[in-house]
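Trainee: Please see the structure below; I have some questions.
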Amino acid sequence: MTMPDSWQQKPIPLSNPAFDRASHRRFEPAFLEAARQSADALVIPVWRSRSLVAGEGEARRAVLIPAASFDWEIAGELAFLGFGAGRPHFGADMSALEPEDVQRRFESHGAFEDLRFTGQWLETEEAALLAYTKGILWWHERHRFCGVCGHPTQSVDGGHRRLCVNESCKAEHFPRSDPAVIMLIEYEDRCLLARGANFPAGFISVLAGFVEPGESLEDTVAREVFEECGVRITDIAYSASQPWPFPSSLMVGFRARAIDPTLTLDPREIVEAGWYSRDWVHSLDPNGPLKIPPRFSISRRLIDDWVNEQ
Ligand SMILES: [Zn+2]
């Protein structure tokens, strides 16, 4: 069977299907404890949604701490992530530490930085591991109390489920990803790029938006493009998806064609927008006044795939 242009052939930044999540082992407390205490276990600490990295610029790398030298006593929530290269990996939330304490304890390893900033320099596998860890620990932080009855919840299944402690409730809470669509819109040989109201000056990208209850992904693509730029579209086709743990999205990428290129912008959402040619995008100076997203985002993947079609 010939595989389509798939995630196997073109890795998606921030995802790594080769990492073994070993989800069937999450329900075995004895296994989880033995894995945590094993000599080859590794810990990925996260502090207030920041990931531990060492080095500068393109030499940045994720820091994985051998479990034997990790002080489990100071960790908050833990999550069994799975196996990488046969070694058990655990995420550990260090957010309760004060800034001075966290610096003192971890400065020999590196510094806690925002993955949204550092992700562009990390190897795909490392960025994916940090994204996974950050995503699940953020979910724990935001689900400490039951949304049904207000009682505390506790982590079970190796950190992949939370259970309400109220005996008369016992509601289960699972890690969630919020779907958002992101779409490259074409008209003839140009694509639509826009600057959102919350973007930095000079930064342009494809359009995106959150899926609302009762919508299909295609409904959202069509609604967002019309609401933000006044453009009706057709031929909506799935392209690729990407985990985007900032804080908890799943970005679902699409391509579509505009029926008419006339733009009517919603100024609350879009500051400027225009139709750009492949040559224009291809010759964009990375140090110039206009910038497109970095290569670790699916927005850039959609743009690059389109530019490279010719
Ligand atoms: Zn409850």
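Labeling convention for the structure tokens: chains A, B, ... as they appear, residues from 1 per chain, ligands from 1 in order of appearance.
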Residues within 10 Å of range 285-297 of chain A, please, as a count of residues only. Count only C-alpha atoms; anything in the same chain fewer than 3 positions from it doesn't count.

Mentor: 35

Trainee: Hey, what's within 12 Å of Ala41 in chain A if we count only C-alpha atoms and toss same-chain stuff fewer than 2 positions away? As a list in words, please?

Mentor: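 In the requested form, the answer reads Leu32, Glu33, Ala34, Ala35, Arg36, Gln37, Ser38, Ala39, Val43, Ile44, Leu64, Ile65, Pro66, Ala67, Ala68, Ser69, Phe70, Phe80, Leu81, Gly82, Phe83, Gly84, Ala85, Gly86, Arg87, Pro88, His89, Phe90 and Gly91 of chain A.
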
Trainee: Can you check which parts of chain A lie within 9 Å of ligand 1? Per residue, the shortest pair of atoms and distance in Å to one decimal, counting only C-alpha atoms and all ligand atoms, sorted by chain and number, as JSON lines.

Mentor:
```
{"residue": "A:Phe145", "atom": "CA", "partner": "ligand 1", "partner_atom_place_in_ligand_line": "1 (Zn)", "distance": 7.7}
{"residue": "A:Cys146", "atom": "CA", "partner": "ligand 1", "partner_atom_place_in_ligand_line": "1 (Zn)", "distance": 4.6}
{"residue": "A:Gly147", "atom": "CA", "partner": "ligand 1", "partner_atom_place_in_ligand_line": "1 (Zn)", "distance": 6.6}
{"residue": "A:Val148", "atom": "CA", "partner": "ligand 1", "partner_atom_place_in_ligand_line": "1 (Zn)", "distance": 5.0}
{"residue": "A:Cys149", "atom": "CA", "partner": "ligand 1", "partner_atom_place_in_ligand_line": "1 (Zn)", "distance": 4.1}
{"residue": "A:Gly150", "atom": "CA", "partner": "ligand 1", "partner_atom_place_in_ligand_line": "1 (Zn)", "distance": 5.9}
{"residue": "A:His151", "atom": "CA", "partner": "ligand 1", "partner_atom_place_in_ligand_line": "1 (Zn)", "distance": 5.4}
{"residue": "A:Pro152", "atom": "CA", "partner": "ligand 1", "partner_atom_place_in_ligand_line": "1 (Zn)", "distance": 7.5}
{"residue": "A:Thr153", "atom": "CA", "partner": "ligand 1", "partner_atom_place_in_ligand_line": "1 (Zn)", "distance": 7.4}
{"residue": "A:Leu163", "atom": "CA", "partner": "ligand 1", "partner_atom_place_in_ligand_line": "1 (Zn)", "distance": 7.8}
{"residue": "A:Cys164", "atom": "CA", "partner": "ligand 1", "partner_atom_place_in_ligand_line": "1 (Zn)", "distance": 4.5}
{"residue": "A:Val165", "atom": "CA", "partner": "ligand 1", "partner_atom_place_in_ligand_line": "1 (Zn)", "distance": 6.8}
{"residue": "A:Asn166", "atom": "CA", "partner": "ligand 1", "partner_atom_place_in_ligand_line": "1 (Zn)", "distance": 5.5}
{"residue": "A:Glu167", "atom": "CA", "partner": "ligand 1", "partner_atom_place_in_ligand_line": "1 (Zn)", "distance": 8.2}
{"residue": "A:Ser168", "atom": "CA", "partner": "ligand 1", "partner_atom_place_in_ligand_line": "1 (Zn)", "distance": 7.7}
{"residue": "A:Cys169", "atom": "CA", "partner": "ligand 1", "partner_atom_place_in_ligand_line": "1 (Zn)", "distance": 4.5}
{"residue": "A:Lys170", "atom": "CA", "partner": "ligand 1", "partner_atom_place_in_ligand_line": "1 (Zn)", "distance": 5.5}
{"residue": "A:Ala171", "atom": "CA", "partner": "ligand 1", "partner_atom_place_in_ligand_line": "1 (Zn)", "distance": 5.1}
{"residue": "A:Glu172", "atom": "CA", "partner": "ligand 1", "partner_atom_place_in_ligand_line": "1 (Zn)", "distance": 8.1}
```

Trainee: Of the candidates A:Ala79, A:Ala22, A:Val271, A:Ala222, which shows the shortest atom-to-atom distance to Phe254 in chain A, using only C-alpha atoms?

Mentor: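 Going through A:Ala79, A:Ala22, A:Val271, A:Ala222 one by one, the smallest distance to Phe254 in chain A is for A:Ala222.
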
Trainee: Hey, what's within 9 Å of Asp93 in chain A if we count only C-alpha atoms and toss same-chain stuff fewer than 4 positions away? As a ChimeraX atom specification, please?

Mentor: /A:44-49,75-79,134,137-138,141

Trainee: Let's see if you can do this: from backbone DSSP, list all alpha helix (DSSP H) residues in range 188-253 of chain A, as an mmCIF file with N, CA, C and O atoms, in the first residue's frame.

Mentor:
```cif
data_model
loop_
_atom_site.group_PDB
_atom_site.id
_atom_site.type_symbol
_atom_site.label_atom_id
_atom_site.label_comp_id
_atom_site.auth_asym_id
_atom_site.auth_seq_id
_atom_site.Cartn_x
_atom_site.Cartn_y
_atom_site.Cartn_z
ATOM 1 N N LEU A 217 -15.448 20.132 12.033
ATOM 2 C CA LEU A 217 -14.225 20.894 11.769
ATOM 3 C C LEU A 217 -14.385 21.754 10.519
ATOM 4 O O LEU A 217 -13.960 22.911 10.477
ATOM 5 N N GLU A 218 -15.032 21.174 9.497
ATOM 6 C CA GLU A 218 -15.230 21.921 8.249
ATOM 7 C C GLU A 218 -16.133 23.142 8.470
ATOM 8 O O GLU A 218 -15.903 24.207 7.885
ATOM 9 N N ASP A 219 -17.152 22.970 9.329
ATOM 10 C CA ASP A 219 -18.025 24.113 9.656
ATOM 11 C C ASP A 219 -17.196 25.254 10.236
ATOM 12 O O ASP A 219 -17.393 26.434 9.907
ATOM 13 N N THR A 220 -16.288 24.891 11.153
ATOM 14 C CA THR A 220 -15.483 25.917 11.815
ATOM 15 C C THR A 220 -14.571 26.625 10.816
ATOM 16 O O THR A 220 -14.415 27.851 10.855
ATOM 17 N N VAL A 221 -13.948 25.844 9.928
ATOM 18 C CA VAL A 221 -13.066 26.454 8.920
ATOM 19 C C VAL A 221 -13.845 27.501 8.125
ATOM 20 O O VAL A 221 -13.413 28.661 7.988
ATOM 21 N N ALA A 222 -15.003 27.112 7.621
ATOM 22 C CA ALA A 222 -15.791 28.028 6.793
ATOM 23 C C ALA A 222 -16.263 29.243 7.595
ATOM 24 O O ALA A 222 -16.201 30.380 7.123
ATOM 25 N N ARG A 223 -16.712 29.010 8.830
ATOM 26 C CA ARG A 223 -17.210 30.114 9.659
ATOM 27 C C ARG A 223 -16.101 31.108 9.987
ATOM 28 O O ARG A 223 -16.276 32.331 9.853
ATOM 29 N N GLU A 224 -14.952 30.590 10.411
ATOM 30 C CA GLU A 224 -13.872 31.486 10.822
ATOM 31 C C GLU A 224 -13.355 32.340 9.657
ATOM 32 O O GLU A 224 -13.075 33.527 9.828
ATOM 33 N N VAL A 225 -13.211 31.720 8.495
ATOM 34 C CA VAL A 225 -12.692 32.470 7.343
ATOM 35 C C VAL A 225 -13.681 33.576 6.957
ATOM 36 O O VAL A 225 -13.293 34.713 6.661
ATOM 37 N N PHE A 226 -14.968 33.253 7.030
ATOM 38 C CA PHE A 226 -15.960 34.273 6.662
ATOM 39 C C PHE A 226 -16.025 35.358 7.741
ATOM 40 O O PHE A 226 -16.056 36.554 7.441
ATOM 41 N N GLU A 227 -16.017 34.956 9.014
ATOM 42 C CA GLU A 227 -16.119 35.954 10.090
ATOM 43 C C GLU A 227 -14.919 36.895 10.102
ATOM 44 O O GLU A 227 -15.057 38.100 10.296
ATOM 45 N N GLU A 228 -13.728 36.328 9.924
ATOM 46 C CA GLU A 228 -12.515 37.135 10.079
ATOM 47 C C GLU A 228 -12.177 37.945 8.834
ATOM 48 O O GLU A 228 -11.667 39.057 8.935
ATOM 49 N N CYS A 229 -12.431 37.365 7.642
ATOM 50 C CA CYS A 229 -12.011 38.037 6.413
ATOM 51 C C CYS A 229 -13.123 38.224 5.387
ATOM 52 O O CYS A 229 -12.882 38.752 4.298
#
```

Trainee: Would you mind reading off the distance between CA of Ala96 in chain A and CA of Leu52 in chain A, one decimal, in Å?

Mentor: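 Between these atoms lies a distance of 15.4 Å.
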
Trainee: Which residues come within 10 Å of Pro17 in chain A, counting only C-alpha atoms, excluding same-chain residues fewer than 2 positions away, as a ChimeraX atom specification?

Mentor: /A:7-8,11-12,15,19-21,125,128

Trainee: Could you pull out the strand (DSSP E or B) residues of range 67-245 of chain A, going by DSSP on the backbone, and write them as a ChimeraX atom specification?

Mentor: /A:78-84,87-93,111-113,145,152-156,161-164,172-173,178-187,190-196,203,205,207-210,233-244

Trainee: Which one of A:Ala237, A:Ile74, A:Val156, A:Ile136 sits closest to Val181 in chain A if you count only C-alpha atoms?

Mentor: A:Ala237
